[in-house]
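To keep things clear, I will list the structure first and then write my remarks on it.
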Amino acid sequence: RKQGLVGEQPDGYVGAVQNTAEVSALVKEVNAKRRAAYEAVAKQNGQSLSVVEKLSAEKLYQKVGPGEYFLDASGKWRKN
C-alpha cells in the first residue's frame, strides 16, 4: 500500500491501483491469505464470511495511512 500499487476496497480485500502483471499477482496472493484468515474467523465466531469481510474492511479503512489508496463509495481510487 505504501508504494501506491494497491489499495483497500470496501469488501475487505485489496485491489490493484496500478494494473501490471506483478501487481495482479500480489493482489491475488494477498487476497487469498486474507480470505483464508476471514474464513477461519467466521468459522470460529459462527459468523458468515460476508460479515467478517465487512467488519475487516471497516478496520482496514481506518488504518489507511497518508499517501495510501482506498476505493471510495463511487468506485474511484482516492489517496488518503
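To be explicit about the labels: the chains of the C-alpha cells are called A, B, and onward in the order shown, and within each one the residues are counted from 1, while ligands get numbers from 1 in the order they are shown.
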
Name all residues at most 12 Å from Lys76 (chain A) (count only C-alpha atoms; drop same-chain ones fewer than 2 positions away) and give them as a ChimeraX atom specification.
/A:7-10,15-17,69-74,78-79

Where does DSSP see alpha helix (DSSP H) in chain A, if you list the residues as a PyMOL selection string?
chain A and resi 21-45+49-62

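Across the model, the gap from CA of Val27 (chain A) to CA of Gly46 (chain A) is 27.3 Å.
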
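Near region 38-40 of chain A, within a cut-off of 9 Å and counting only C-alpha atoms, sit the residues Lys33, Arg34, Arg35, Ala36, Ala42, Lys43, Gln44, Asn45, Ser48, Leu49, Ser50, Val52, Glu53 and Ser56 of chain A, with same-chain residues fewer than 2 positions away left out.
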
Selection: 8 Å around Glu58 (chain A), only C-alpha atoms, excl. self and same-chain fewer than 4 positions, as a PyMOL selection string
chain A and resi 10+12+54+62

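Here CA of Pro66 (chain A) is placed at a distance of 5.1 Å from CA of Asn80 (chain A).
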
Run DSSP on the backbone and tell me which residues of chain A come out as strand (DSSP E or B); list them as a ChimeraX atom specification.
/A:6-8,14-16,69-71,77-79

With C-alpha atoms retained, export the selected residues as a CSV table (one decimal), in the first residue's frame.
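So the final result, stored in part.csv, reads:
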```csv
chain,number,residue,atom,x,y,z
A,6,VAL,CA,-2.6,-1.5,-4.2
A,7,GLY,CA,-5.4,0.0,-2.1
A,8,GLU,CA,-8.1,-1.1,0.3
A,14,VAL,CA,-7.0,-5.2,-1.8
A,15,GLY,CA,-7.4,-4.0,-5.3
A,16,ALA,CA,-4.8,-3.0,-7.9
A,69,TYR,CA,-5.1,4.4,-1.5
A,70,PHE,CA,-8.7,3.3,-0.8
A,71,LEU,CA,-11.7,2.7,-3.0
A,77,TRP,CA,-9.4,5.3,-6.0
A,78,ARG,CA,-8.7,8.0,-3.5
A,79,LYS,CA,-5.4,8.9,-1.9
```
